[in-house]
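Undergrad: I'd like to ask you about the structure that follows.
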Amino acid sequence: IPGDALRRDHDIVGLEASRDIPFGEVFRKDKLSIPPLVTAGAKVTMMYKNGVFEASASGIALESGIRGQEIRIRNDTSKRIVNGTVLEAGLVGVKP
């Protein structure tokens, strides 16, 4: 068995394969990845929080990303490109 083989269910569940895995082949770390919560081209909500002040706007993700990853988003209204952190599916936190 290869050294990078995943042997436990909880190490595999929730990941996606980068290619088909034939029956009987072992699951290997380099063939699995965390699926993105936000995909490039998807409509997202941009959330800004500062103390008690909270604002949101819609935008288009220019990059795909997983939770905690910084991606670029284009604001639908202003067309301005900003950076934000993926919080959950369809939700990106932005800073001023």
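Here's how to read the names in the structure tokens: chain A, B, ... by the order shown, residue numbers from 1 in each chain, ligand numbers from 1 in the order shown.
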Just list as an NGL selection string whatever in chain A DSSP marks as helix (DSSP H, G or I).
TA: :A and (9-12 or 29-31)
Undergrad: Assign secondary structure with DSSP using the backbone only, and return the residues of chain A in strand (DSSP E or B) as an MDAnalysis selection string.
TA: chainID A and resid 5 16:17 28 32:33 38 43:50 53:61 65 70:75 81:88 91:94
Undergrad: So which one's closest to Asp76 in chain A, A:Pro35, A:Gly3, A:Gly93, A:Gly59? Using only C-alpha atoms, please.
TA: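 Nearest candidate to Asp76 in chain A out of A:Pro35, A:Gly3, A:Gly93, A:Gly59: A:Gly59.
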Undergrad: For Asp20 in chain A, work out the shell of residues within 12 Å, counting only C-alpha atoms and skipping chain neighbours fewer than 5 positions away, then give it as an mmCIF file with N, CA and C atoms, in the first residue's frame.
TA:
data_model
loop_
_atom_site.group_PDB
_atom_site.id
_atom_site.type_symbol
_atom_site.label_atom_id
_atom_site.label_comp_id
_atom_site.auth_asym_id
_atom_site.auth_seq_id
_atom_site.Cartn_x
_atom_site.Cartn_y
_atom_site.Cartn_z
ATOM 1 N N GLU A 25 -8.788 0.277 -6.367
ATOM 2 C CA GLU A 25 -7.635 1.162 -6.203
ATOM 3 C C GLU A 25 -7.752 1.881 -4.861
ATOM 4 N N VAL A 26 -6.612 2.136 -4.209
ATOM 5 C CA VAL A 26 -6.628 2.819 -2.920
ATOM 6 C C VAL A 26 -6.846 4.313 -3.121
ATOM 7 N N PHE A 27 -7.427 4.962 -2.094
ATOM 8 C CA PHE A 27 -7.587 6.410 -2.110
ATOM 9 C C PHE A 27 -6.256 7.028 -1.695
ATOM 10 N N LYS A 31 -4.799 12.548 -4.959
ATOM 11 C CA LYS A 31 -5.898 12.392 -5.912
ATOM 12 C C LYS A 31 -7.225 12.928 -5.361
ATOM 13 N N LEU A 32 -7.227 13.406 -4.101
ATOM 14 C CA LEU A 32 -8.433 13.915 -3.456
ATOM 15 C C LEU A 32 -8.194 15.343 -2.989
#
Undergrad: Contacts of range 77-92 of chain A at 10 Å or less, counting only C-alpha atoms, minus same-chain residues fewer than 3 places along, as a PyMOL selection string?
TA: chain A and resi 36-39+42-48+56-62+64-74+95-96
Undergrad: Those same residues, written as a PDB file, in the first residue's frame with N, CA and C atoms?
TA:
ATOM      1  N   PRO A  36     -14.569  23.123  -3.471  1.00  0.00           N
ATOM      2  CA  PRO A  36     -14.753  24.545  -3.167  1.00  0.00           C
ATOM      3  C   PRO A  36     -16.178  24.845  -2.706  1.00  0.00           C
ATOM      4  N   LEU A  37     -16.295  25.776  -1.750  1.00  0.00           N
ATOM      5  CA  LEU A  37     -17.611  26.249  -1.325  1.00  0.00           C
ATOM      6  C   LEU A  37     -18.129  27.318  -2.280  1.00  0.00           C
ATOM      7  N   VAL A  38     -17.198  28.006  -2.927  1.00  0.00           N
ATOM      8  CA  VAL A  38     -17.539  29.040  -3.909  1.00  0.00           C
ATOM      9  C   VAL A  38     -16.787  28.689  -5.190  1.00  0.00           C
ATOM     10  N   THR A  39     -17.506  28.689  -6.306  1.00  0.00           N
ATOM     11  CA  THR A  39     -16.856  28.402  -7.584  1.00  0.00           C
ATOM     12  C   THR A  39     -16.763  29.675  -8.422  1.00  0.00           C
ATOM     13  N   ALA A  42     -19.694  32.098  -9.889  1.00  0.00           N
ATOM     14  CA  ALA A  42     -20.918  31.978  -9.093  1.00  0.00           C
ATOM     15  C   ALA A  42     -21.290  33.314  -8.458  1.00  0.00           C
ATOM     16  N   LYS A  43     -22.587  33.526  -8.303  1.00  0.00           N
ATOM     17  CA  LYS A  43     -23.086  34.702  -7.605  1.00  0.00           C
ATOM     18  C   LYS A  43     -22.874  34.480  -6.110  1.00  0.00           C
ATOM     19  N   VAL A  44     -22.342  35.489  -5.414  1.00  0.00           N
ATOM     20  CA  VAL A  44     -22.080  35.391  -3.984  1.00  0.00           C
ATOM     21  C   VAL A  44     -22.613  36.624  -3.268  1.00  0.00           C
ATOM     22  N   THR A  45     -22.781  36.480  -1.972  1.00  0.00           N
ATOM     23  CA  THR A  45     -23.104  37.620  -1.120  1.00  0.00           C
ATOM     24  C   THR A  45     -21.823  38.051  -0.430  1.00  0.00           C
ATOM     25  N   MET A  46     -21.495  39.337  -0.556  1.00  0.00           N
ATOM     26  CA  MET A  46     -20.322  39.890   0.118  1.00  0.00           C
ATOM     27  C   MET A  46     -20.808  40.513   1.420  1.00  0.00           C
ATOM     28  N   MET A  47     -20.217  40.113   2.540  1.00  0.00           N
ATOM     29  CA  MET A  47     -20.634  40.583   3.854  1.00  0.00           C
ATOM     30  C   MET A  47     -19.512  41.397   4.480  1.00  0.00           C
ATOM     31  N   TYR A  48     -19.861  42.591   4.953  1.00  0.00           N
ATOM     32  CA  TYR A  48     -18.904  43.449   5.646  1.00  0.00           C
ATOM     33  C   TYR A  48     -19.414  43.651   7.060  1.00  0.00           C
ATOM     34  N   SER A  56     -24.204  44.260   3.273  1.00  0.00           N
ATOM     35  CA  SER A  56     -23.992  43.189   2.308  1.00  0.00           C
ATOM     36  C   SER A  56     -24.265  43.705   0.900  1.00  0.00           C
ATOM     37  N   ALA A  57     -23.673  43.015  -0.056  1.00  0.00           N
ATOM     38  CA  ALA A  57     -23.862  43.346  -1.467  1.00  0.00           C
ATOM     39  C   ALA A  57     -23.680  42.057  -2.255  1.00  0.00           C
ATOM     40  N   SER A  58     -24.185  42.054  -3.482  1.00  0.00           N
ATOM     41  CA  SER A  58     -24.012  40.863  -4.310  1.00  0.00           C
ATOM     42  C   SER A  58     -22.814  41.052  -5.230  1.00  0.00           C
ATOM     43  N   GLY A  59     -22.225  39.935  -5.606  1.00  0.00           N
ATOM     44  CA  GLY A  59     -21.068  39.982  -6.478  1.00  0.00           C
ATOM     45  C   GLY A  59     -20.885  38.669  -7.209  1.00  0.00           C
ATOM     46  N   ILE A  60     -19.882  38.626  -8.040  1.00  0.00           N
ATOM     47  CA  ILE A  60     -19.530  37.433  -8.798  1.00  0.00           C
ATOM     48  C   ILE A  60     -18.123  37.004  -8.391  1.00  0.00           C
ATOM     49  N   ALA A  61     -17.997  35.743  -7.999  1.00  0.00           N
ATOM     50  CA  ALA A  61     -16.678  35.210  -7.638  1.00  0.00           C
ATOM     51  C   ALA A  61     -15.821  35.086  -8.890  1.00  0.00           C
ATOM     52  N   LEU A  62     -14.629  35.608  -8.835  1.00  0.00           N
ATOM     53  CA  LEU A  62     -13.707  35.506  -9.959  1.00  0.00           C
ATOM     54  C   LEU A  62     -12.774  34.313  -9.804  1.00  0.00           C
ATOM     55  N   SER A  64     -12.414  30.319  -7.494  1.00  0.00           N
ATOM     56  CA  SER A  64     -13.021  29.326  -6.615  1.00  0.00           C
ATOM     57  C   SER A  64     -12.263  29.321  -5.301  1.00  0.00           C
ATOM     58  N   GLY A  65     -12.943  28.904  -4.217  1.00  0.00           N
ATOM     59  CA  GLY A  65     -12.253  28.864  -2.939  1.00  0.00           C
ATOM     60  C   GLY A  65     -12.938  27.979  -1.916  1.00  0.00           C
ATOM     61  N   ILE A  66     -12.134  27.506  -0.969  1.00  0.00           N
ATOM     62  CA  ILE A  66     -12.637  26.719   0.153  1.00  0.00           C
ATOM     63  C   ILE A  66     -12.738  27.636   1.369  1.00  0.00           C
ATOM     64  N   ARG A  67     -13.372  27.135   2.444  1.00  0.00           N
ATOM     65  CA  ARG A  67     -13.549  27.935   3.662  1.00  0.00           C
ATOM     66  C   ARG A  67     -12.194  28.487   4.135  1.00  0.00           C
ATOM     67  N   GLY A  68     -12.172  29.802   4.403  1.00  0.00           N
ATOM     68  CA  GLY A  68     -10.974  30.454   4.902  1.00  0.00           C
ATOM     69  C   GLY A  68     -10.022  30.956   3.828  1.00  0.00           C
ATOM     70  N   GLN A  69     -10.267  30.612   2.594  1.00  0.00           N
ATOM     71  CA  GLN A  69      -9.386  31.023   1.505  1.00  0.00           C
ATOM     72  C   GLN A  69      -9.780  32.402   0.989  1.00  0.00           C
ATOM     73  N   GLU A  70      -8.797  33.212   0.643  1.00  0.00           N
ATOM     74  CA  GLU A  70      -9.062  34.530   0.082  1.00  0.00           C
ATOM     75  C   GLU A  70      -9.238  34.411  -1.430  1.00  0.00           C
ATOM     76  N   ILE A  71     -10.307  35.046  -1.936  1.00  0.00           N
ATOM     77  CA  ILE A  71     -10.590  35.039  -3.376  1.00  0.00           C
ATOM     78  C   ILE A  71     -10.926  36.463  -3.829  1.00  0.00           C
ATOM     79  N   ARG A  72     -10.946  36.667  -5.133  1.00  0.00           N
ATOM     80  CA  ARG A  72     -11.339  37.950  -5.716  1.00  0.00           C
ATOM     81  C   ARG A  72     -12.813  37.890  -6.116  1.00  0.00           C
ATOM     82  N   ILE A  73     -13.529  39.003  -5.879  1.00  0.00           N
ATOM     83  CA  ILE A  73     -14.957  39.107  -6.200  1.00  0.00           C
ATOM     84  C   ILE A  73     -15.189  40.435  -6.913  1.00  0.00           C
ATOM     85  N   ARG A  74     -16.087  40.427  -7.902  1.00  0.00           N
ATOM     86  CA  ARG A  74     -16.476  41.674  -8.577  1.00  0.00           C
ATOM     87  C   ARG A  74     -17.847  42.090  -8.055  1.00  0.00           C
ATOM     88  N   LYS A  95     -13.297  43.079   3.709  1.00  0.00           N
ATOM     89  CA  LYS A  95     -12.792  44.130   4.588  1.00  0.00           C
ATOM     90  C   LYS A  95     -12.669  45.396   3.765  1.00  0.00           C
ATOM     91  N   PRO A  96     -12.704  46.555   4.440  1.00  0.00           N
ATOM     92  CA  PRO A  96     -12.597  47.827   3.687  1.00  0.00           C
ATOM     93  C   PRO A  96     -11.254  47.998   3.012  1.00  0.00           C
TER      94      PRO A  96
END
Undergrad: Just the number, please: distance in Å from CA of Leu6 in chain A to CA of Arg28 in chain A, one decimal.
TA: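 Going from CA of Leu6 in chain A over to CA of Arg28 in chain A covers 5.7 Å.
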Undergrad: Please determine, counting only C-alpha atoms, which residue among A:Glu63, A:Glu16, A:Glu54, A:Asp9 has the shortest atom-to-atom distance to Ile34 in chain A.
TA: A:Glu16
